[in-house]
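Participant: The following file, input-v6.tsv, comprises TSV, C-alpha atoms:
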chain	number	residue	atom	x	y	z
A	1173	MET	CA	28.53	-11.96	-20.56
A	1174	ARG	CA	25.09	-10.87	-19.54
A	1175	ALA	CA	26.04	-11.11	-15.85
A	1176	LEU	CA	29.15	-9.00	-16.43
A	1177	VAL	CA	27.15	-6.28	-18.19
A	1178	ALA	CA	24.64	-6.35	-15.34
A	1179	LEU	CA	27.39	-6.03	-12.72
A	1180	ALA	CA	28.94	-3.10	-14.58
A	1181	VAL	CA	25.58	-1.34	-14.74
A	1182	LEU	CA	25.07	-2.00	-11.03
A	1183	ALA	CA	28.51	-0.64	-10.16
A	1184	VAL	CA	27.80	2.61	-12.01
A	1185	ILE	CA	24.39	3.00	-10.35
A	1186	ALA	CA	25.81	2.14	-6.90
A	1187	THR	CA	28.56	4.74	-7.22
A	1188	GLY	CA	26.07	7.40	-8.21
A	1189	LEU	CA	23.71	6.51	-5.37
A	1190	VAL	CA	26.50	6.45	-2.75
A	1191	LEU	CA	27.73	9.86	-3.91
A	1192	ALA	CA	24.19	11.22	-3.67
A	1193	LEU	CA	23.49	9.62	-0.29
A	1194	SER	CA	26.67	10.95	1.31
A	1195	ASP	CA	25.14	14.43	1.21
A	1196	ILE	CA	22.05	13.38	3.17
A	1197	PRO	CA	22.81	13.15	6.89
A	1198	PHE	CA	20.99	10.37	8.71
A	1199	GLY	CA	18.90	11.22	11.75
A	1200	ALA	CA	18.83	14.99	11.24
A	1201	PRO	CA	16.24	15.80	8.58
A	1202	ASP	CA	16.45	19.29	7.19
A	1203	SER	CA	12.78	19.51	6.27
A	1204	ARG	CA	10.61	22.28	7.67
A	1205	VAL	CA	7.31	20.83	6.49
A	1206	GLY	CA	7.31	17.80	8.78
A	1207	PRO	CA	7.94	19.68	12.05
A	1208	HIS	CA	5.28	22.20	11.03
A	1209	TYR	CA	2.75	19.41	10.51
A	1210	ASN	CA	3.74	17.92	13.87
A	1211	ARG	CA	3.29	21.24	15.65
A	1212	SER	CA	0.00	22.36	14.15
A	1213	GLY	CA	-1.54	19.14	12.80
A	1214	ARG	CA	-3.60	18.47	15.91
A	1215	GLU	CA	-5.22	21.91	15.82
A	1216	ASP	CA	-5.59	22.02	12.03
A	1217	THR	CA	-7.14	18.63	11.41
A	1218	GLY	CA	-8.18	17.31	14.84
A	1219	ALA	CA	-6.45	13.99	14.26
A	1220	VAL	CA	-3.95	12.70	16.80
A	1221	ASN	CA	-2.05	10.51	14.35
A	1222	MET	CA	0.07	12.93	12.33
A	1223	VAL	CA	0.56	10.51	9.45
A	1224	THR	CA	-3.22	10.37	9.08
A	1225	SER	CA	-3.47	14.14	9.30
A	1226	VAL	CA	-1.03	14.37	6.38
A	1227	VAL	CA	-2.62	11.58	4.33
A	1228	VAL	CA	-6.28	12.56	4.62
A	1229	GLY	CA	-6.02	16.06	6.06
A	1230	TYR	CA	-3.36	18.18	4.42
A	1231	ARG	CA	-2.94	16.03	1.34
A	1232	ALA	CA	-6.32	14.35	0.94
A	1233	PHE	CA	-6.40	15.21	-2.74
A	1234	ASP	CA	-3.24	13.13	-3.29
A	1235	THR	CA	-4.95	10.25	-1.55
A	1236	LEU	CA	-7.89	10.57	-3.93
A	1237	GLY	CA	-5.37	10.27	-6.77
A	1238	GLU	CA	-3.83	7.26	-5.09
A	1239	ILE	CA	-7.05	5.32	-4.76
A	1240	THR	CA	-7.66	6.20	-8.40
A	1241	VAL	CA	-4.34	4.54	-9.27
A	1242	LEU	CA	-5.38	1.47	-7.30
A	1243	PHE	CA	-8.74	1.46	-9.07
A	1244	VAL	CA	-7.10	1.72	-12.49
A	1245	ALA	CA	-4.76	-1.15	-11.59
A	1246	ALA	CA	-7.72	-3.30	-10.52
A	1247	VAL	CA	-9.56	-2.47	-13.74
A	1248	GLY	CA	-6.44	-3.22	-15.79
A	1249	LEU	CA	-6.10	-6.56	-14.04
A	1250	GLY	CA	-9.72	-7.34	-14.82
A	1251	ALA	CA	-9.18	-6.41	-18.47
A	1252	LEU	CA	-6.03	-8.53	-18.73
A	1253	LEU	CA	-7.54	-11.59	-17.12
A	1254	HIS	CA	-11.01	-11.20	-18.54
A	1255	ARG	CA	-13.05	-14.28	-19.29
A	1256	THR	CA	-16.54	-14.27	-20.67
A	1257	SER	CA	-17.78	-17.07	-18.43
A	1258	ARG	CA	-16.67	-18.38	-15.10
A	1259	PRO	CA	-15.41	-21.94	-15.23
A	1260	GLY	CA	-18.37	-23.74	-13.69
A	1261	GLY	CA	-17.71	-26.47	-11.15
A	1262	GLY	CA	-14.72	-27.98	-12.90
A	1263	ASP	CA	-12.81	-28.21	-9.64
A	1264	ASP	CA	-11.58	-31.78	-9.26
A	1265	ARG	CA	-9.33	-31.13	-6.28
A	1266	GLU	CA	-9.83	-32.68	-2.89
A	1267	PRO	CA	-12.18	-30.62	-0.68
A	1268	ALA	CA	-10.62	-28.90	2.34
A	1269	SER	CA	-10.69	-30.73	5.64
A	1270	MET	CA	-13.23	-29.92	8.34
A	1271	VAL	CA	-10.59	-28.35	10.61
A	1272	LEU	CA	-9.60	-25.92	7.87
A	1273	THR	CA	-13.19	-25.08	6.92
A	1274	THR	CA	-14.27	-24.52	10.52
A	1275	GLY	CA	-11.18	-22.45	11.26
A	1276	CYS	CA	-11.92	-20.23	8.26
A	1277	ARG	CA	-15.54	-19.83	9.28
A	1278	TYR	CA	-14.69	-18.60	12.76
A	1279	LEU	CA	-11.59	-16.57	11.89
A	1280	PHE	CA	-13.21	-14.70	8.99
A	1281	PRO	CA	-15.53	-12.41	11.04
A	1282	LEU	CA	-12.79	-11.76	13.60
A	1283	ILE	CA	-10.33	-10.62	10.91
A	1284	LEU	CA	-13.06	-8.45	9.36
A	1285	LEU	CA	-13.71	-6.91	12.77
A	1286	PHE	CA	-9.99	-6.23	13.25
A	1287	GLY	CA	-9.74	-4.58	9.83
A	1288	THR	CA	-12.75	-2.42	10.62
A	1289	TYR	CA	-11.19	-1.43	13.95
A	1290	ILE	CA	-7.97	-0.42	12.17
A	1291	PHE	CA	-9.65	1.84	9.64
A	1292	MET	CA	-12.11	3.36	12.11
A	1293	HIS	CA	-9.32	4.33	14.52
A	1294	GLY	CA	-6.97	5.65	11.83
A	1295	HIS	CA	-6.99	9.14	13.31
A	1296	LEU	CA	-6.18	7.91	16.84
A	1297	THR	CA	-3.80	4.96	16.60
A	1298	PRO	CA	-1.37	3.55	14.02
A	1299	GLY	CA	-3.41	2.38	11.06
A	1300	GLY	CA	-5.89	3.76	8.60
A	1301	GLY	CA	-7.92	2.99	5.55
A	1302	PHE	CA	-5.21	1.35	3.46
A	1303	GLN	CA	-3.96	-0.86	6.28
A	1304	GLY	CA	-7.47	-1.83	7.36
A	1305	GLY	CA	-8.40	-2.55	3.75
A	1306	ALA	CA	-5.39	-4.85	3.40
A	1307	VAL	CA	-6.43	-6.71	6.58
A	1308	ILE	CA	-9.98	-7.12	5.22
A	1309	ALA	CA	-8.60	-8.46	1.94
A	1310	SER	CA	-6.50	-10.94	3.92
A	1311	ALA	CA	-9.72	-12.26	5.52
A	1312	PHE	CA	-11.13	-12.91	2.05
A	1313	LEU	CA	-7.84	-14.49	0.99
A	1314	LEU	CA	-8.19	-16.91	3.93
A	1315	VAL	CA	-11.65	-17.89	2.70
A	1316	TYR	CA	-10.40	-18.32	-0.86
A	1317	LEU	CA	-7.60	-20.60	0.31
A	1318	GLY	CA	-9.42	-22.44	3.08
A	1319	CYS	CA	-13.03	-22.83	1.95
A	1320	ARG	CA	-12.63	-23.46	-1.74
A	1321	GLY	CA	-15.55	-22.66	-3.98
A	1322	ARG	CA	-16.79	-19.69	-1.98
A	1323	ARG	CA	-16.20	-16.38	-3.70
A	1324	ILE	CA	-17.16	-12.77	-3.50
A	1325	GLY	CA	-20.20	-11.63	-5.48
A	1326	ARG	CA	-19.09	-9.36	-8.29
A	1327	GLY	CA	-22.13	-7.07	-8.26
A	1328	TRP	CA	-22.02	-6.66	-4.50
A	1329	ALA	CA	-18.28	-5.96	-4.61
A	1330	SER	CA	-18.49	-3.34	-7.33
A	1331	SER	CA	-21.32	-1.51	-5.58
A	1332	VAL	CA	-19.32	-1.29	-2.32
A	1333	GLU	CA	-16.32	-0.08	-4.33
A	1334	SER	CA	-18.32	2.59	-6.15
A	1335	LEU	CA	-19.94	3.66	-2.88
A	1336	GLY	CA	-16.50	4.14	-1.29
A	1337	GLY	CA	-15.28	6.30	-4.17
A	1338	LEU	CA	-18.52	8.30	-4.27
A	1339	VAL	CA	-18.39	8.99	-0.52
A	1340	PHE	CA	-14.83	10.30	-0.86
A	1341	VAL	CA	-15.65	12.60	-3.80
A	1342	GLY	CA	-18.98	13.59	-2.23
A	1343	LEU	CA	-17.29	14.63	1.01
A	1344	GLY	CA	-14.82	16.67	-1.02
A	1345	LEU	CA	-17.59	18.43	-2.94
A	1346	ALA	CA	-19.56	18.99	0.28
A	1347	GLY	CA	-16.48	20.63	1.78
A	1348	LEU	CA	-16.17	22.84	-1.28
A	1349	ALA	CA	-19.84	23.84	-1.02
A	1350	ALA	CA	-20.02	24.30	2.77
A	1351	ALA	CA	-16.67	25.91	3.59
A	1352	GLY	CA	-16.01	27.33	0.14
A	1353	HIS	CA	-12.23	27.28	0.34
A	1354	TRP	CA	-11.06	24.24	-1.56
A	1355	PHE	CA	-11.90	20.68	-2.50
A	1356	LEU	CA	-11.95	18.41	0.57
A	1357	SER	CA	-11.82	21.25	3.10
A	1358	ALA	CA	-12.69	20.18	6.64
A	1359	PHE	CA	-16.26	21.39	7.12
A	1360	LEU	CA	-17.35	19.16	10.00
A	1361	PRO	CA	-16.59	20.13	13.63
A	1362	LYS	CA	-13.25	18.77	14.80
A	1363	GLY	CA	-14.41	17.76	18.28
A	1364	THR	CA	-12.07	16.86	21.12
A	1365	PRO	CA	-8.82	15.15	20.13
A	1366	HIS	CA	-8.39	11.52	21.29
A	1367	GLN	CA	-12.15	10.85	20.90
A	1368	LEU	CA	-13.52	8.39	18.35
A	1369	PHE	CA	-15.93	10.98	16.93
A	1370	SER	CA	-13.43	13.72	16.28
A	1371	ALA	CA	-11.27	15.06	13.46
A	1372	GLY	CA	-14.20	16.03	11.21
A	1373	ILE	CA	-14.26	14.28	7.86
A	1374	ILE	CA	-11.10	12.19	8.41
A	1375	PRO	CA	-12.78	9.08	9.94
A	1376	LEU	CA	-15.52	9.21	7.28
A	1377	ILE	CA	-12.94	9.32	4.48
A	1378	TYR	CA	-10.98	6.51	6.06
A	1379	VAL	CA	-14.07	4.31	6.37
A	1380	ALA	CA	-14.76	4.87	2.66
A	1381	VAL	CA	-11.11	4.23	1.74
A	1382	GLY	CA	-10.97	1.12	3.91
A	1383	LEU	CA	-14.03	-0.45	2.30
A	1384	LYS	CA	-12.87	0.49	-1.18
A	1385	VAL	CA	-9.32	-0.80	-0.75
A	1386	GLY	CA	-10.51	-4.00	0.93
A	1387	VAL	CA	-12.96	-4.80	-1.86
A	1388	GLU	CA	-10.47	-3.84	-4.59
A	1389	LEU	CA	-7.69	-6.03	-3.23
A	1390	THR	CA	-10.23	-8.85	-2.82
A	1391	GLY	CA	-11.16	-8.37	-6.47
A	1392	VAL	CA	-7.46	-8.65	-7.41
A	1393	ILE	CA	-7.19	-11.90	-5.44
A	1394	ASP	CA	-10.41	-13.14	-7.04
A	1395	ARG	CA	-9.16	-12.47	-10.56
A	1396	LEU	CA	-5.80	-14.08	-9.98
A	1397	MET	CA	-7.29	-17.15	-8.24
A	1398	GLU	CA	-9.88	-17.57	-10.96
A	1399	ASP	CA	-7.29	-17.70	-13.68
A	1400	THR	CA	-5.26	-20.40	-11.99
A	1401	GLN	CA	-8.22	-22.78	-11.76
B	285	MET	CA	30.50	2.09	15.18
B	286	SER	CA	29.52	5.65	14.51
B	287	PHE	CA	29.86	5.21	10.76
B	288	LEU	CA	27.84	2.02	10.87
B	289	GLU	CA	25.25	3.53	13.17
B	290	SER	CA	24.71	6.53	10.97
B	291	ASN	CA	24.68	4.66	7.67
B	292	VAL	CA	23.18	1.25	8.28
B	293	TYR	CA	19.70	2.14	7.03
B	294	TYR	CA	21.02	3.81	3.90
B	295	MET	CA	23.29	0.84	3.23
B	296	GLY	CA	20.38	-1.53	3.73
B	297	ALA	CA	18.14	0.43	1.40
B	298	LEU	CA	20.89	0.72	-1.22
B	299	GLY	CA	21.64	-2.98	-0.90
B	300	LEU	CA	18.00	-3.93	-1.40
B	301	VAL	CA	17.67	-1.72	-4.47
B	302	LEU	CA	20.85	-3.17	-5.99
B	303	VAL	CA	19.87	-6.78	-5.19
B	304	GLY	CA	16.48	-6.21	-6.81
B	305	LEU	CA	18.08	-4.66	-9.88
B	306	LEU	CA	20.57	-7.52	-10.14
B	307	VAL	CA	17.73	-10.05	-10.02
B	308	ILE	CA	15.88	-8.16	-12.76
B	309	LEU	CA	18.97	-7.99	-14.97
B	310	VAL	CA	20.36	-11.49	-14.49
B	311	ARG	CA	17.41	-13.82	-14.05
B	312	HIS	CA	15.51	-15.29	-16.98
B	313	ASN	CA	12.35	-16.35	-15.20
B	314	LEU	CA	9.62	-13.72	-15.34
B	315	ILE	CA	8.31	-14.50	-11.84
B	316	LYS	CA	11.79	-14.03	-10.39
B	317	MET	CA	12.12	-10.71	-12.20
B	318	ILE	CA	8.84	-9.59	-10.66
B	319	ILE	CA	10.16	-10.64	-7.24
B	320	GLY	CA	13.22	-8.48	-7.97
B	321	LEU	CA	10.94	-5.54	-8.74
B	322	SER	CA	9.24	-6.06	-5.38
B	323	ILE	CA	12.60	-6.17	-3.55
B	324	MET	CA	13.60	-2.89	-5.21
B	325	ASP	CA	10.32	-1.39	-4.10
B	326	THR	CA	11.06	-2.41	-0.50
B	327	GLY	CA	14.49	-0.78	-0.70
B	328	VAL	CA	13.02	2.51	-1.89
B	329	ASN	CA	10.44	2.44	0.90
B	330	LEU	CA	13.11	1.77	3.52
B	331	PHE	CA	15.16	4.68	2.17
B	332	LEU	CA	12.20	7.08	2.34
B	333	VAL	CA	11.43	6.15	5.96
B	334	ALA	CA	15.13	6.45	6.89
B	335	VAL	CA	15.30	9.96	5.42
B	336	GLY	CA	12.51	11.13	7.71
B	337	TYR	CA	14.04	9.74	10.90
B	338	SER	CA	15.33	12.19	13.47
B	339	ARG	CA	17.64	10.97	16.18
B	340	GLY	CA	15.78	9.81	19.28
B	341	GLY	CA	12.45	10.68	17.70
B	342	THR	CA	9.12	9.08	18.57
B	343	ALA	CA	6.31	7.98	16.26
B	344	PRO	CA	4.29	11.01	15.08
B	345	ILE	CA	1.22	10.04	17.11
B	346	PHE	CA	0.13	12.00	20.15
B	347	SER	CA	-0.51	9.86	23.21
B	348	ARG	CA	-0.04	10.00	26.95
B	349	ALA	CA	3.57	8.88	26.53
B	350	ALA	CA	4.50	11.13	23.61
B	351	SER	CA	3.10	14.64	23.56
B	352	ASP	CA	6.06	16.74	22.45
B	353	PRO	CA	5.78	17.61	18.76
B	354	ALA	CA	9.45	18.59	18.59
B	355	ALA	CA	10.55	15.03	19.45
B	356	MET	CA	8.53	13.37	16.69
B	357	VAL	CA	9.91	12.09	13.40
B	358	ASP	CA	8.86	13.61	10.10
B	359	PRO	CA	5.38	12.32	9.15
B	360	VAL	CA	5.60	13.27	5.46
B	361	PRO	CA	7.91	10.42	4.31
B	362	GLN	CA	5.77	7.97	6.26
B	363	ALA	CA	2.65	9.18	4.45
B	364	LEU	CA	4.57	8.87	1.17
B	365	VAL	CA	5.60	5.30	1.97
B	366	LEU	CA	2.01	4.43	2.87
B	367	THR	CA	1.15	5.54	-0.65
B	368	ALA	CA	4.13	3.77	-2.19
B	369	ILE	CA	3.27	0.42	-0.59
B	370	VAL	CA	-0.26	0.47	-2.02
B	371	ILE	CA	1.02	1.48	-5.45
B	372	GLY	CA	3.63	-1.29	-5.17
B	373	VAL	CA	0.87	-3.84	-4.58
B	374	ALA	CA	-1.00	-2.53	-7.62
B	375	VAL	CA	2.13	-2.73	-9.81
B	376	LEU	CA	2.87	-6.24	-8.55
B	377	ALA	CA	-0.66	-7.44	-9.28
B	378	LEU	CA	-0.59	-5.94	-12.78
B	379	ALA	CA	2.83	-7.45	-13.51
B	380	LEU	CA	1.65	-10.87	-12.33
B	381	ALA	CA	-1.46	-10.62	-14.49
B	382	MET	CA	0.75	-9.89	-17.51
B	383	ALA	CA	2.93	-12.87	-16.58
B	384	VAL	CA	-0.19	-15.05	-16.47
B	385	ARG	CA	-1.21	-13.84	-19.93
B	386	LEU	CA	2.30	-14.37	-21.33
B	387	HIS	CA	2.36	-17.88	-19.94
B	388	GLY	CA	-1.00	-18.57	-21.52
B	389	HIS	CA	0.24	-17.27	-24.87
B	390	HIS	CA	3.74	-18.72	-25.06
B	391	GLY	CA	3.52	-21.64	-22.64
B	392	THR	CA	6.69	-20.57	-20.83
B	393	LEU	CA	7.97	-17.89	-18.47
B	394	ASP	CA	11.58	-18.14	-19.61
B	395	MET	CA	12.61	-14.84	-21.17
B	396	ARG	CA	15.12	-16.56	-23.47
B	397	LYS	CA	12.34	-18.50	-25.14
B	398	ILE	CA	9.98	-15.57	-25.70
B	399	ARG	CA	11.36	-13.97	-28.81
B	400	GLU	CA	9.80	-10.52	-28.41
B	401	LEU	CA	11.19	-10.01	-24.89
B	402	ARG	CA	14.74	-11.29	-25.38
B	403	TRP	CA	17.69	-8.95	-24.93
Would you mind writing the file's structure down as structure tokens?
Facilitator:
Amino acid sequence: MRALVALAVLAVIATGLVLALSDIPFGAPDSRVGPHYNRSGREDTGAVNMVTSVVVGYRAFDTLGEITVLFVAAVGLGALLHRTSRPGGGDDREPASMVLTTGCRYLFPLILLFGTYIFMHGHLTPGGGFQGGAVIASAFLLVYLGCRGRRIGRGWASSVESLGGLVFVGLGLAGLAAAGHWFLSAFLPKGTPHQLFSAGIIPLIYVAVGLKVGVELTGVIDRLMEDTQ
Amino acid sequence: MSFLESNVYYMGALGLVLVGLLVILVRHNLIKMIIGLSIMDTGVNLFLVAVGYSRGGTAPIFSRAASDPAAMVDPVPQALVLTAIVIGVAVLALALAMAVRLHGHHGTLDMRKIRELRW
């Protein structure tokens, strides 16, 4: 009965979606915004990666809202899984083998380095703060799975997180004060495209976003792992 | 061939959304419903990227090989999907945390056995 109702609902939704999709031609977008960004993005923002120039150049304010959403989700997770005291040393599982522990120890800095590379070159190559942050969180996940018992320090994590957010907002306010046009206006020199130190405030914002996202996702992992122990 | 070529991404995205919705509607296990939510999310992301594709277009990144802005695909849907993936992770984490709490409270993840969530 329940399956039949579900299938009927799906059939109605599928018909509606197919009717809507048949009006959208594939491969020939009608948008004028995207081609405009492609044409003038390099001059306007100094970034070579147009996706980055949209995310932290033209629409940086949206990105600020997005990292706020991520922050609220991390806080909500902390509130849902809150415990007054950490379970102390009650881990009766077998310790990880030496191969696993050594592998973790040597892979961890390399993954961190790779994540840092991704968010520092967000304006030049595919990548950026969110992707680099996810890679950094994956390094911490490896440590959580491989070297049991090691965990991120809460105070240290929350200060890096706050620093990331403050740098983002501070750069926005500095742009407002220096250029006087709008929040997050590009007030630093754009430099030569294809150089590491170019594109004004974009690499700085992406470094802040990368650190913040990496630490926040690590906090999510930490909360979820803690509750299963 | 032409029909398939011009519709395969839309069909894939639609299929993923419908599969995810079916899982949410039919399954009783909360973890499986959350997996269905994640599959739906993937379908929406695939649809957004497919909308921005232009035939024969390159990635919207200037390099030695690609320097013609007219040949690049639309960067706006890609920026949107970048956002949507991160929000999807946040939603997934929050949903899993609620599942953990529900399991701690009721001792089960079966929706038929949790009276307040039955339909």
Participant: At a cut-off of 8 Å, using all atoms listed in the file, what residues contact Ile308 in chain B? Leave out same-chain residues fewer than 6 positions from it and give the result as a list in words.
Facilitator: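 Result of the neighbour search: Lys316, Met317, Ile318, Gly320 and Leu321 of chain B.
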Participant: Give me, please, the distance in Å between CA of Ile1393 in chain A and CA of His1295 in chain A, quoted to one decimal.
Facilitator: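 Those two atoms sit 28.2 Å apart.
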Participant: If the cut-off is 7 Å, can you tell me the residues of chain A near chain B, counting all atoms listed in the file? I'd like them as a VMD selection string.
Facilitator: chain A and resid 1174 to 1175 1178 1182 1198 to 1201 1206 to 1207 1210 to 1211 1220 to 1223 1226 to 1227 1238 1242 1245 1249 1252 to 1253
Participant: Generate the output file for the selected residues, C-alpha atoms, as a CSV table (one decimal), keeping the file's coordinate frame.
Facilitator:
chain,number,residue,atom,x,y,z
A,1174,ARG,CA,25.1,-10.9,-19.5
A,1175,ALA,CA,26.0,-11.1,-15.8
A,1178,ALA,CA,24.6,-6.4,-15.3
A,1182,LEU,CA,25.1,-2.0,-11.0
A,1198,PHE,CA,21.0,10.4,8.7
A,1199,GLY,CA,18.9,11.2,11.8
A,1200,ALA,CA,18.8,15.0,11.2
A,1201,PRO,CA,16.2,15.8,8.6
A,1206,GLY,CA,7.3,17.8,8.8
A,1207,PRO,CA,7.9,19.7,12.0
A,1210,ASN,CA,3.7,17.9,13.9
A,1211,ARG,CA,3.3,21.2,15.6
A,1220,VAL,CA,-4.0,12.7,16.8
A,1221,ASN,CA,-2.0,10.5,14.4
A,1222,MET,CA,0.1,12.9,12.3
A,1223,VAL,CA,0.6,10.5,9.4
A,1226,VAL,CA,-1.0,14.4,6.4
A,1227,VAL,CA,-2.6,11.6,4.3
A,1238,GLU,CA,-3.8,7.3,-5.1
A,1242,LEU,CA,-5.4,1.5,-7.3
A,1245,ALA,CA,-4.8,-1.2,-11.6
A,1249,LEU,CA,-6.1,-6.6,-14.0
A,1252,LEU,CA,-6.0,-8.5,-18.7
A,1253,LEU,CA,-7.5,-11.6,-17.1
Participant: Name all residues at most 10 Å from range 1314-1319 of chain A (count all atoms listed in the file; drop same-chain ones fewer than 5 positions away) and give them as a count of residues only.
Facilitator: 20
Participant: Name the residues in contact with Leu300 in chain B at a cut-off of 8 Å, using all atoms listed in the file, excluding same-chain residues fewer than 5 positions from it; report them as a list in words.
Facilitator: Ile323, Met324, Thr326 and Gly327 of chain B
Participant: What does the distance between CA of Leu1193 in chain A and CA of Asp325 in chain B come to in Å, to one decimal place?
Facilitator: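 A separation of 17.6 Å between them.
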Participant: State, in Å with one decimal place, the distance from CA of Leu1296 in chain A to CA of Arg348 in chain B.
Facilitator: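 Calculated distance between CA of Leu1296 in chain A and CA of Arg348 in chain B is 12.0 Å.
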Participant: Can you tell me, as a PyMOL selection string, what residues are no more than 8 Å from Gly1337 in chain A when counting only C-alpha atoms, ignoring any on the same chain fewer than 5 positions away?
Facilitator: chain A and resi 1380-1381+1384
Participant: Please enclose the listed atoms of range 318-336 of chain B in an axis-aligned box, pad each side by 8 Å, and write out the centre and the three edge lengths in Å, rounded to one decimal, as AutoDock Vina command-line options.
Facilitator:
--center_x 12.1 --center_y 0.2 --center_z -1.5 --size_x 22.5 --size_y 37.8 --size_z 34.4
Participant: Which residues are close to Ala1219 in chain A, i.e. within 8 Å by all atoms listed in the file, leaving aside same-chain residues fewer than 6 positions away? Reply as number ranges by chain.
Facilitator: A: 1213, 1225, 1295-1296, 1365-1366, 1370-1371, 1374
Participant: Using only C-alpha atoms, what table do you get, as a Markdown table, when you list each residue of range 1206-1252 of chain A with an atom no more than 12 Å from range 1356-1361 of chain A, its nearest pair of atoms, and their distance in Å rounded to one decimal, rows by chain then rising number?
Facilitator:
| residue | atom | partner | partner_atom | distance |
| --- | --- | --- | --- | --- |
| A:Glu1215 | CA | A:Pro1361 | CA | 11.7 |
| A:Asp1216 | CA | A:Ala1358 | CA | 9.1 |
| A:Thr1217 | CA | A:Ala1358 | CA | 7.5 |
| A:Gly1218 | CA | A:Pro1361 | CA | 9.0 |
| A:Ala1219 | CA | A:Ala1358 | CA | 11.6 |
| A:Ser1225 | CA | A:Ala1358 | CA | 11.3 |
| A:Val1228 | CA | A:Leu1356 | CA | 9.1 |
| A:Gly1229 | CA | A:Ala1358 | CA | 7.9 |
| A:Tyr1230 | CA | A:Ser1357 | CA | 9.1 |
| A:Arg1231 | CA | A:Leu1356 | CA | 9.4 |
| A:Ala1232 | CA | A:Leu1356 | CA | 7.0 |
| A:Phe1233 | CA | A:Leu1356 | CA | 7.2 |
| A:Asp1234 | CA | A:Leu1356 | CA | 10.9 |
| A:Thr1235 | CA | A:Leu1356 | CA | 11.0 |
| A:Leu1236 | CA | A:Leu1356 | CA | 9.9 |
Participant: Save range 1282-1295 of chain A to a file: N, CA and C atoms, as a PDB file, in the first residue's frame.
Facilitator:
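Heads up, here's the output in out28.pdb:
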ATOM      1  N   LEU A1282      51.387  15.121   4.473  1.00  0.00           N
ATOM      2  CA  LEU A1282      51.314  15.253   3.015  1.00  0.00           C
ATOM      3  C   LEU A1282      49.908  15.663   2.588  1.00  0.00           C
ATOM      4  N   ILE A1283      48.874  15.068   3.216  1.00  0.00           N
ATOM      5  CA  ILE A1283      47.497  15.438   2.856  1.00  0.00           C
ATOM      6  C   ILE A1283      47.231  16.886   3.250  1.00  0.00           C
ATOM      7  N   LEU A1284      47.756  17.287   4.435  1.00  0.00           N
ATOM      8  CA  LEU A1284      47.588  18.694   4.845  1.00  0.00           C
ATOM      9  C   LEU A1284      48.219  19.620   3.825  1.00  0.00           C
ATOM     10  N   LEU A1285      49.418  19.252   3.351  1.00  0.00           N
ATOM     11  CA  LEU A1285      50.120  20.079   2.367  1.00  0.00           C
ATOM     12  C   LEU A1285      49.308  20.180   1.081  1.00  0.00           C
ATOM     13  N   PHE A1286      48.722  19.041   0.662  1.00  0.00           N
ATOM     14  CA  PHE A1286      47.927  19.034  -0.570  1.00  0.00           C
ATOM     15  C   PHE A1286      46.695  19.934  -0.420  1.00  0.00           C
ATOM     16  N   GLY A1287      46.035  19.828   0.748  1.00  0.00           N
ATOM     17  CA  GLY A1287      44.878  20.693   0.979  1.00  0.00           C
ATOM     18  C   GLY A1287      45.261  22.159   0.944  1.00  0.00           C
ATOM     19  N   THR A1288      46.395  22.483   1.556  1.00  0.00           N
ATOM     20  CA  THR A1288      46.857  23.869   1.558  1.00  0.00           C
ATOM     21  C   THR A1288      47.151  24.341   0.137  1.00  0.00           C
ATOM     22  N   TYR A1289      47.770  23.452  -0.650  1.00  0.00           N
ATOM     23  CA  TYR A1289      48.052  23.803  -2.050  1.00  0.00           C
ATOM     24  C   TYR A1289      46.750  24.106  -2.780  1.00  0.00           C
ATOM     25  N   ILE A1290      45.714  23.267  -2.547  1.00  0.00           N
ATOM     26  CA  ILE A1290      44.451  23.458  -3.272  1.00  0.00           C
ATOM     27  C   ILE A1290      43.827  24.795  -2.912  1.00  0.00           C
ATOM     28  N   PHE A1291      43.833  25.155  -1.594  1.00  0.00           N
ATOM     29  CA  PHE A1291      43.131  26.423  -1.319  1.00  0.00           C
ATOM     30  C   PHE A1291      43.994  27.638  -1.590  1.00  0.00           C
ATOM     31  N   MET A1292      45.319  27.474  -1.659  1.00  0.00           N
ATOM     32  CA  MET A1292      46.139  28.648  -1.997  1.00  0.00           C
ATOM     33  C   MET A1292      46.135  28.936  -3.486  1.00  0.00           C
ATOM     34  N   HIS A1293      45.892  27.905  -4.314  1.00  0.00           N
ATOM     35  CA  HIS A1293      45.879  28.112  -5.763  1.00  0.00           C
ATOM     36  C   HIS A1293      44.464  28.159  -6.314  1.00  0.00           C
ATOM     37  N   GLY A1294      43.486  28.500  -5.469  1.00  0.00           N
ATOM     38  CA  GLY A1294      42.097  28.499  -5.915  1.00  0.00           C
ATOM     39  C   GLY A1294      41.829  29.472  -7.037  1.00  0.00           C
ATOM     40  N   HIS A1295      42.611  30.557  -7.139  1.00  0.00           N
ATOM     41  CA  HIS A1295      42.351  31.522  -8.196  1.00  0.00           C
ATOM     42  C   HIS A1295      43.083  31.170  -9.482  1.00  0.00           C
TER      43      HIS A1295
END
